[in-house]
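Asker: Data file start27.csv (CSV, C-alpha atoms) is appended below.
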```csv
chain,number,residue,atom,x,y,z
A,1,MET,CA,0.0,0.0,0.0
A,2,LEU,CA,2.8,2.4,1.0
A,3,HIS,CA,4.6,2.3,-2.3
A,4,LYS,CA,1.7,1.7,-4.8
A,5,LYS,CA,1.0,4.5,-7.2
A,6,TRP,CA,-2.6,4.0,-8.3
A,7,TRP,CA,-4.4,5.4,-5.3
A,8,LYS,CA,-2.2,8.5,-5.4
A,9,LEU,CA,-3.3,9.1,-9.0
A,10,LEU,CA,-6.9,8.3,-8.0
A,11,SER,CA,-6.7,11.0,-5.3
A,12,PHE,CA,-5.4,13.5,-7.8
A,13,LEU,CA,-8.1,12.7,-10.4
A,14,LEU,CA,-10.9,12.7,-7.8
A,15,LEU,CA,-9.8,16.1,-6.5
A,16,LEU,CA,-9.4,17.5,-10.0
A,17,TYR,CA,-13.0,16.4,-10.6
A,18,THR,CA,-14.1,18.0,-7.3
A,19,CYS,CA,-12.4,21.3,-8.1
A,20,THR,CA,-13.9,21.5,-11.6
A,21,TYR,CA,-17.3,19.8,-11.5
A,22,GLY,CA,-17.8,21.1,-7.9
A,23,PHE,CA,-18.0,24.6,-9.3
A,24,LEU,CA,-20.2,23.7,-12.3
A,25,VAL,CA,-22.7,21.2,-10.9
A,26,LYS,CA,-26.3,22.5,-10.5
A,27,VAL,CA,-27.0,23.1,-6.8
A,28,PRO,CA,-30.5,23.5,-5.3
A,29,LYS,CA,-31.7,27.1,-4.9
A,30,LEU,CA,-34.2,26.5,-2.0
A,31,ASP,CA,-35.0,29.9,-0.4
A,32,ASP,CA,-31.6,31.3,-1.8
A,33,ARG,CA,-30.1,31.8,1.7
A,34,MET,CA,-27.1,29.6,0.8
A,35,GLN,CA,-26.8,30.7,-2.8
A,36,GLU,CA,-23.5,29.3,-4.2
A,37,SER,CA,-21.9,28.9,-0.8
A,38,ILE,CA,-23.4,25.4,-0.5
A,39,ARG,CA,-20.5,24.4,-2.8
A,40,ASN,CA,-18.4,24.6,0.4
A,41,PHE,CA,-19.9,21.3,1.1
A,42,PHE,CA,-17.4,19.8,-1.3
A,43,PHE,CA,-14.4,21.3,0.6
A,44,HIS,CA,-15.4,21.9,4.2
A,45,VAL,CA,-17.3,18.7,5.0
A,46,PRO,CA,-14.7,16.3,3.5
A,47,MET,CA,-12.2,17.8,5.9
A,48,TRP,CA,-14.3,16.3,8.8
A,49,PHE,CA,-15.0,13.0,7.0
A,50,GLY,CA,-11.3,12.7,6.3
A,51,MET,CA,-10.4,13.6,9.9
A,52,MET,CA,-12.7,10.9,11.2
A,53,ILE,CA,-11.3,8.3,8.8
A,54,LEU,CA,-7.7,9.1,9.6
A,55,LEU,CA,-8.3,9.2,13.3
A,56,PHE,CA,-10.0,5.8,13.1
A,57,VAL,CA,-6.9,4.4,11.3
A,58,SER,CA,-4.8,6.0,14.1
A,59,LEU,CA,-7.0,4.2,16.7
A,60,VAL,CA,-6.5,0.9,14.9
A,61,TYR,CA,-2.7,1.3,15.0
A,62,SER,CA,-2.8,2.3,18.6
A,63,ILE,CA,-4.6,-0.9,19.5
A,64,LYS,CA,-2.1,-2.8,17.3
A,65,TYR,CA,0.7,-1.2,19.2
A,66,LEU,CA,-0.7,-2.3,22.5
A,67,ARG,CA,-1.0,-5.9,21.2
A,68,SER,CA,2.5,-6.0,19.5
A,69,SER,CA,4.6,-3.4,21.4
A,70,SER,CA,6.2,-2.7,18.0
A,71,LEU,CA,7.4,0.9,17.6
A,72,VAL,CA,6.5,0.8,13.9
A,73,HIS,CA,2.8,0.8,14.9
A,74,ASP,CA,3.3,3.7,17.2
A,75,VAL,CA,4.9,5.7,14.3
A,76,TYR,CA,1.8,4.9,12.2
A,77,ALA,CA,-0.7,5.8,14.9
A,78,GLN,CA,1.1,9.1,15.6
A,79,ALA,CA,1.3,10.1,11.9
A,80,TYR,CA,-2.4,9.3,11.2
A,81,ALA,CA,-3.4,11.3,14.3
A,82,ALA,CA,-1.3,14.3,13.2
A,83,MET,CA,-2.9,14.4,9.7
A,84,GLY,CA,-6.4,13.9,11.1
A,85,LEU,CA,-5.8,16.8,13.4
A,86,ILE,CA,-4.6,19.0,10.4
A,87,PHE,CA,-7.8,18.1,8.6
A,88,GLY,CA,-9.8,19.0,11.8
A,89,VAL,CA,-8.0,22.4,12.1
A,90,LEU,CA,-8.7,23.1,8.4
A,91,GLY,CA,-12.3,22.1,8.9
A,92,ILE,CA,-12.7,24.5,11.8
A,93,ILE,CA,-11.1,27.4,10.0
A,94,THR,CA,-13.1,26.9,6.8
A,95,GLY,CA,-16.2,26.5,9.0
A,96,ALA,CA,-15.5,29.8,10.8
A,97,LEU,CA,-15.1,31.6,7.5
A,98,TRP,CA,-18.3,30.1,6.1
A,99,ALA,CA,-20.2,30.8,9.4
A,100,ASN,CA,-19.1,34.4,9.3
A,101,TYR,CA,-21.0,35.0,6.1
A,102,GLN,CA,-23.8,32.5,6.6
A,103,TRP,CA,-24.6,32.9,10.3
A,104,GLY,CA,-23.2,36.4,10.9
A,105,SER,CA,-20.2,35.6,13.1
A,106,PRO,CA,-17.2,33.2,12.8
A,107,TRP,CA,-18.1,31.6,16.2
A,108,VAL,CA,-21.7,31.4,17.1
A,109,GLY,CA,-21.5,28.7,19.8
A,110,ASP,CA,-23.3,26.2,17.6
A,111,PRO,CA,-23.2,22.8,19.4
A,112,LYS,CA,-21.3,21.2,16.6
A,113,GLN,CA,-18.7,24.0,16.5
A,114,ASN,CA,-18.2,23.7,20.2
A,115,GLY,CA,-18.1,19.9,20.1
A,116,ALA,CA,-15.5,20.0,17.2
A,117,ALA,CA,-13.4,22.4,19.2
A,118,ILE,CA,-13.4,20.2,22.3
A,119,ALA,CA,-12.6,17.1,20.1
A,120,LEU,CA,-9.6,18.9,18.6
A,121,LEU,CA,-8.4,20.1,22.0
A,122,ILE,CA,-8.5,16.4,23.2
A,123,TYR,CA,-6.3,15.5,20.3
A,124,PHE,CA,-3.9,18.4,20.9
A,125,ALA,CA,-3.4,16.9,24.3
A,126,TYR,CA,-2.4,13.6,22.7
A,127,PHE,CA,0.6,15.5,21.2
A,128,VAL,CA,1.3,17.4,24.4
A,129,LEU,CA,1.4,14.0,26.2
A,130,ARG,CA,3.8,12.6,23.5
A,131,GLY,CA,6.0,15.7,23.8
A,132,SER,CA,6.3,15.4,27.5
A,133,LEU,CA,7.6,11.9,27.6
A,134,VAL,CA,11.2,11.0,26.8
A,135,ASP,CA,11.3,7.2,27.0
A,136,ALA,CA,10.2,5.9,23.7
A,137,GLU,CA,8.4,2.8,24.9
A,138,LYS,CA,6.6,4.7,27.7
A,139,LYS,CA,5.6,7.4,25.3
A,140,ALA,CA,4.2,4.9,22.8
A,141,ARG,CA,2.3,2.9,25.4
A,142,LEU,CA,0.8,5.9,27.3
A,143,SER,CA,-0.1,7.7,24.1
A,144,ALA,CA,-1.7,4.6,22.6
A,145,VAL,CA,-4.0,4.3,25.6
A,146,TYR,CA,-4.8,8.0,25.5
A,147,ASN,CA,-5.4,7.8,21.7
A,148,ILE,CA,-8.1,5.2,22.3
A,149,PHE,CA,-9.8,7.5,24.8
A,150,SER,CA,-9.5,10.5,22.4
A,151,PHE,CA,-11.2,8.6,19.6
A,152,PHE,CA,-14.1,7.5,21.8
A,153,MET,CA,-14.5,11.1,22.9
A,154,LEU,CA,-15.5,11.8,19.2
A,155,PHE,CA,-18.7,10.0,19.8
A,156,PRO,CA,-20.2,12.4,22.3
A,157,THR,CA,-18.5,15.6,21.0
A,158,LEU,CA,-19.2,15.2,17.3
A,159,TRP,CA,-21.8,12.5,16.8
A,160,ILE,CA,-24.2,12.5,19.8
A,161,LEU,CA,-24.4,15.8,21.7
A,162,PRO,CA,-24.8,18.1,18.6
A,163,ARG,CA,-27.7,16.0,17.4
A,164,LEU,CA,-29.6,16.2,20.7
A,165,THR,CA,-30.0,20.0,20.7
A,166,GLU,CA,-31.0,22.5,18.1
A,167,SER,CA,-28.1,23.3,15.7
A,168,LEU,CA,-27.4,25.6,12.9
A,169,HIS,CA,-25.6,22.8,11.2
A,170,PRO,CA,-27.7,20.3,9.3
A,171,GLY,CA,-28.5,17.2,11.4
A,172,GLY,CA,-29.5,18.9,14.6
A,173,GLN,CA,-32.5,18.0,16.7
A,174,GLY,CA,-35.5,16.8,14.7
A,175,SER,CA,-33.6,15.5,11.6
A,176,ASP,CA,-32.9,11.9,10.8
A,177,GLY,CA,-29.4,10.6,10.8
A,178,ASN,CA,-26.2,12.0,9.4
A,179,PRO,CA,-26.9,14.8,7.0
A,180,GLY,CA,-23.8,14.0,4.9
A,181,LEU,CA,-24.7,10.3,4.5
A,182,ASN,CA,-28.5,10.5,4.6
A,183,GLY,CA,-29.5,10.7,0.9
A,184,LYS,CA,-32.7,12.7,1.6
A,185,ASP,CA,-30.8,15.8,2.7
A,186,MET,CA,-28.6,16.2,-0.3
A,187,SER,CA,-29.6,16.6,-3.9
A,188,ALA,CA,-28.5,13.7,-6.2
A,189,ASN,CA,-26.4,16.2,-8.2
A,190,MET,CA,-24.4,17.2,-5.2
A,191,ARG,CA,-23.9,13.6,-4.1
A,192,THR,CA,-22.1,12.9,-7.4
A,193,VAL,CA,-19.4,15.4,-6.3
A,194,PHE,CA,-19.5,15.0,-2.5
A,195,TYR,CA,-18.6,11.3,-2.3
A,196,PRO,CA,-15.7,11.5,-4.7
A,197,ALA,CA,-14.6,14.6,-2.8
A,198,VAL,CA,-14.5,12.7,0.5
A,199,ILE,CA,-12.5,9.9,-1.1
A,200,GLY,CA,-10.1,12.2,-2.9
A,201,TRP,CA,-9.4,14.4,0.2
A,202,THR,CA,-9.0,11.4,2.4
A,203,LEU,CA,-6.6,9.7,0.0
A,204,LEU,CA,-4.5,12.9,-0.2
A,205,GLY,CA,-4.4,12.8,3.6
A,206,VAL,CA,-3.3,9.2,3.6
A,207,TRP,CA,-0.6,10.0,1.1
A,208,ILE,CA,0.9,12.9,3.2
A,209,THR,CA,0.6,10.6,6.2
A,210,THR,CA,2.6,7.8,4.5
A,211,LEU,CA,5.3,10.3,3.7
A,212,LYS,CA,5.7,11.2,7.3
A,213,ILE,CA,5.7,7.6,8.3
A,214,ARG,CA,8.4,6.8,5.8
A,215,VAL,CA,10.6,9.6,7.0
A,216,GLN,CA,10.2,8.6,10.6
A,217,LEU,CA,11.0,4.9,9.8
A,218,ILE,CA,14.2,6.1,8.1
A,219,GLN,CA,15.1,8.1,11.1
A,220,LEU,CA,14.5,5.2,13.5
A,221,LYS,CA,16.6,3.0,11.4
A,222,LYS,CA,19.4,5.6,11.3
A,223,GLU,CA,19.3,5.8,15.1
A,224,GLY,CA,19.5,2.0,15.3
A,225,ILE,CA,16.2,1.6,17.1
A,226,LEU,CA,14.6,-0.5,14.4
B,1,MET,CA,-19.2,53.5,-24.3
B,2,LEU,CA,-17.5,52.0,-27.3
B,3,THR,CA,-14.9,50.3,-25.1
B,4,LEU,CA,-17.6,48.9,-22.9
B,5,LEU,CA,-19.2,47.4,-26.0
B,6,GLN,CA,-15.9,46.0,-27.0
B,7,ALA,CA,-15.4,44.6,-23.5
B,8,GLN,CA,-18.8,42.9,-23.7
B,9,GLN,CA,-17.9,41.5,-27.1
B,10,ALA,CA,-14.7,40.1,-25.7
B,11,ALA,CA,-16.6,38.6,-22.8
B,12,SER,CA,-18.8,36.7,-25.2
B,13,GLN,CA,-15.7,35.3,-26.8
B,14,SER,CA,-13.5,34.2,-23.9
B,15,ILE,CA,-14.9,31.4,-21.8
B,16,MET,CA,-12.9,32.7,-18.8
B,17,LEU,CA,-15.1,35.7,-18.6
B,18,GLN,CA,-18.5,34.0,-18.8
B,19,ASN,CA,-20.9,33.0,-16.0
B,20,GLY,CA,-19.5,35.6,-13.5
B,21,LYS,CA,-15.9,34.4,-14.3
B,22,ILE,CA,-16.5,31.2,-12.4
B,23,PHE,CA,-14.2,29.4,-14.9
B,24,LEU,CA,-11.4,31.7,-13.9
B,25,VAL,CA,-11.8,30.7,-10.2
B,26,MET,CA,-12.0,27.1,-11.3
B,27,SER,CA,-8.7,27.4,-13.2
B,28,VAL,CA,-7.0,29.1,-10.2
B,29,VAL,CA,-8.1,26.3,-7.9
B,30,CYS,CA,-6.9,23.7,-10.4
B,31,ILE,CA,-3.5,25.3,-10.7
B,32,VAL,CA,-3.2,25.3,-6.9
B,33,LEU,CA,-4.2,21.7,-6.7
B,34,ILE,CA,-1.8,20.6,-9.5
B,35,GLY,CA,1.1,22.5,-7.8
B,36,LEU,CA,0.3,20.9,-4.5
B,37,PHE,CA,0.3,17.4,-6.0
B,38,LEU,CA,3.5,18.0,-7.9
B,39,TYR,CA,5.2,19.1,-4.6
B,40,VAL,CA,3.9,16.1,-2.6
B,41,ASN,CA,4.9,13.8,-5.4
B,42,SER,CA,8.5,15.3,-5.4
B,43,ILE,CA,8.7,14.7,-1.7
B,44,ASP,CA,7.6,11.1,-2.2
B,45,LYS,CA,10.3,10.6,-4.8
B,46,LYS,CA,13.0,12.0,-2.5
B,47,ILE,CA,11.9,9.7,0.3
B,48,LYS,CA,12.1,6.8,-2.1
B,49,GLN,CA,15.7,7.7,-2.9
B,50,LEU,CA,16.5,7.8,0.9
B,51,GLU,CA,14.9,4.4,1.4
B,52,LYS,CA,17.3,2.8,-1.1
```
Just give me the structure of the file as structure tokens.
Answerer:
Amino acid sequence: MLHKKWWKLLSFLLLLYTCTYGFLVKVPKLDDRMQESIRNFFFHVPMWFGMMILLFVSLVYSIKYLRSSSLVHDVYAQAYAAMGLIFGVLGIITGALWANYQWGSPWVGDPKQNGAAIALLIYFAYFVLRGSLVDAEKKARLSAVYNIFSFFMLFPTLWILPRLTESLHPGGQGSDGNPGLNGKDMSANMRTVFYPAVIGWTLLGVWITTLKIRVQLIQLKKEGIL
Amino acid sequence: MLTLLQAQQAASQSIMLQNGKIFLVMSVVCIVLIGLFLYVNSIDKKIKQLEK
């Protein structure tokens, strides 16, 4: 997987498609409050989908580390968490920009905004924890345990609490299921761009992550740890 | 007035200036995307050399 080329090309083609057809595809007018800004759906929302997928992969490698005690798994877990966090930060910045023009202020205290901020802070603490430990094995073990906790904090902060109260985001109280995945909430036209966009952005994230993993594996080999 | 007319004629010719110049934005985004991928790909190649 690390050295195969086809999925990197796929990522490029899907994002090229997103960045062209995403501007051209016919979007619903509704009451014209959103106007063309609904096209942000192809850029802002895939950041969050990508973040969740990368953080899930990070969780898998943390569990693998606890089972194997192999530092390679720790390198993987750390790199995937870092890229997931970058996607999350990009998501929150793009969200604030969009909110400024759609809701009138960059931070309106929307339950999903607050939940996302808490989730990101929990993941920032993962890197604070890593940075504060010197012994490689202790660092890997403690941060793997913490990473499992961080991932499960995504459930209340992103997936449960924002849906229980009224929210400016789609998918608040009174709507059914995930607005990104629930077919009823998105026009068929938009879905033809949205799903490829999610795959494309996620694959780009995986690519950048694998670069970081490879550099760190080279470093560990140089230091004689591997 | 005449220049405005000429500008409008030019607008009807160049695809870049049609539909509120959305194709212009699209081109800019695509150039950014292509540049980004070229850069990531070049890093990938450099790491591959280091691995050998």
Asker: As an exercise, work out the distance from atom CA of Ser27 of chain B to atom CA of Asn40 of chain A in Å and give it to one decimal place.
Answerer: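 Rounded to one decimal, the two atoms are 16.9 Å apart.
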Asker: Under the rule of at most 12 Å, produce a per-residue listing of chain A near chain B: chain, number, name, the closest pair of atoms, and the distance in Å, as CSV, using only C-alpha atoms.
Answerer:
```
residue,atom,partner,partner_atom,distance
A:Leu2,CA,B:Asp44,CA,10.4
A:His3,CA,B:Lys48,CA,8.7
A:Lys4,CA,B:Asp44,CA,11.4
A:Lys5,CA,B:Asn41,CA,10.2
A:Lys8,CA,B:Asn41,CA,8.9
A:Leu9,CA,B:Phe37,CA,9.5
A:Leu10,CA,B:Phe37,CA,11.8
A:Ser11,CA,B:Phe37,CA,9.5
A:Phe12,CA,B:Phe37,CA,7.1
A:Leu13,CA,B:Ile34,CA,10.1
A:Leu14,CA,B:Leu33,CA,11.3
A:Leu15,CA,B:Leu33,CA,7.9
A:Leu16,CA,B:Cys30,CA,6.7
A:Tyr17,CA,B:Cys30,CA,9.5
A:Thr18,CA,B:Cys30,CA,9.7
A:Cys19,CA,B:Cys30,CA,6.4
A:Thr20,CA,B:Met26,CA,5.9
A:Tyr21,CA,B:Met26,CA,9.0
A:Gly22,CA,B:Met26,CA,9.0
A:Phe23,CA,B:Met26,CA,6.8
A:Leu24,CA,B:Ile22,CA,8.4
A:Val25,CA,B:Ile22,CA,11.9
A:Glu36,CA,B:Ile22,CA,10.9
A:Phe43,CA,B:Val29,CA,11.7
A:Gly200,CA,B:Leu33,CA,11.8
A:Trp201,CA,B:Leu33,CA,11.3
A:Leu203,CA,B:Phe37,CA,12.0
A:Leu204,CA,B:Phe37,CA,8.8
A:Gly205,CA,B:Val40,CA,10.9
A:Val206,CA,B:Val40,CA,11.7
A:Trp207,CA,B:Val40,CA,8.4
A:Ile208,CA,B:Val40,CA,7.3
A:Thr209,CA,B:Val40,CA,10.9
A:Thr210,CA,B:Asp44,CA,9.0
A:Leu211,CA,B:Asp44,CA,6.4
A:Lys212,CA,B:Ile47,CA,9.5
A:Ile213,CA,B:Ile47,CA,10.3
A:Arg214,CA,B:Ile47,CA,7.1
A:Val215,CA,B:Ile47,CA,6.8
A:Gln216,CA,B:Ile47,CA,10.5
A:Leu217,CA,B:Glu51,CA,9.3
A:Ile218,CA,B:Glu51,CA,6.9
A:Gln219,CA,B:Leu50,CA,10.3
A:Lys221,CA,B:Glu51,CA,10.2
A:Lys222,CA,B:Glu51,CA,10.9
```
Asker: Just give me the gap between atom CA of Met190 of chain A and atom CA of Ser167 of chain A in Å, one decimal is fine.
Answerer: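 That distance, rounded to one decimal, is 22.1 Å.
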Asker: List the spatial neighbours of Ile122 of chain A as an mmCIF file with C-alpha atoms, keeping the file's coordinate frame - criterion: any atom at most 10 Å away, all atoms listed in the file, same-chain residues fewer than 3 positions off excluded.
Answerer:
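The resulting file, around-v3.cif, is reproduced below:
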```cif
data_model
loop_
_atom_site.group_PDB
_atom_site.id
_atom_site.type_symbol
_atom_site.label_atom_id
_atom_site.label_comp_id
_atom_site.auth_asym_id
_atom_site.auth_seq_id
_atom_site.Cartn_x
_atom_site.Cartn_y
_atom_site.Cartn_z
ATOM 1 C CA ALA A 116 -15.500 20.000 17.200
ATOM 2 C CA ALA A 117 -13.400 22.400 19.200
ATOM 3 C CA ILE A 118 -13.400 20.200 22.300
ATOM 4 C CA ALA A 119 -12.600 17.100 20.100
ATOM 5 C CA ALA A 125 -3.400 16.900 24.300
ATOM 6 C CA TYR A 126 -2.400 13.600 22.700
ATOM 7 C CA PHE A 127 0.600 15.500 21.200
ATOM 8 C CA VAL A 128 1.300 17.400 24.400
ATOM 9 C CA TYR A 146 -4.800 8.000 25.500
ATOM 10 C CA ASN A 147 -5.400 7.800 21.700
ATOM 11 C CA PHE A 149 -9.800 7.500 24.800
ATOM 12 C CA SER A 150 -9.500 10.500 22.400
ATOM 13 C CA PHE A 151 -11.200 8.600 19.600
ATOM 14 C CA MET A 153 -14.500 11.100 22.900
ATOM 15 C CA LEU A 154 -15.500 11.800 19.200
#
```
Asker: Fewer than 6 positions away in the same chain doesn't count, so skip those; otherwise give me all residues within 9 Å of Leu129 of chain A, counting all atoms listed in the file, as a tab-separated table (two decimals) with C-alpha atoms, in the coordinates of the input.
Answerer:
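Saved the output as part.tsv:
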```
chain	number	residue	atom	x	y	z
A	139	LYS	CA	5.60	7.40	25.30
A	142	LEU	CA	0.80	5.90	27.30
A	143	SER	CA	-0.10	7.70	24.10
A	146	TYR	CA	-4.80	8.00	25.50
```
Asker: Starting from the point (-12.4, 15.0, 9.9), work out which residues of protein, DNA or RNA have an atom no more than 6 Å away when counting all atoms listed in the file; state them as a PyMOL selection string.
Answerer: chain A and resi 47-52+87-88
Asker: Atom CA of Gly91 of chain A to atom CA of Gly109 of chain A: how many Å, to one decimal?
Answerer: 15.7 Å
Asker: Find the residues near Lys138 of chain A: any atom within 12 Å, counting all atoms listed in the file, skip ones fewer than 6 places away on the same chain, and give them as a list in words.
Answerer: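 Contacts, in chain order: Tyr65, Leu66, Ser69, Leu71, Asp74, Leu129, Arg130, Gly131, Ser132, Ala144 and Val145 of chain A.
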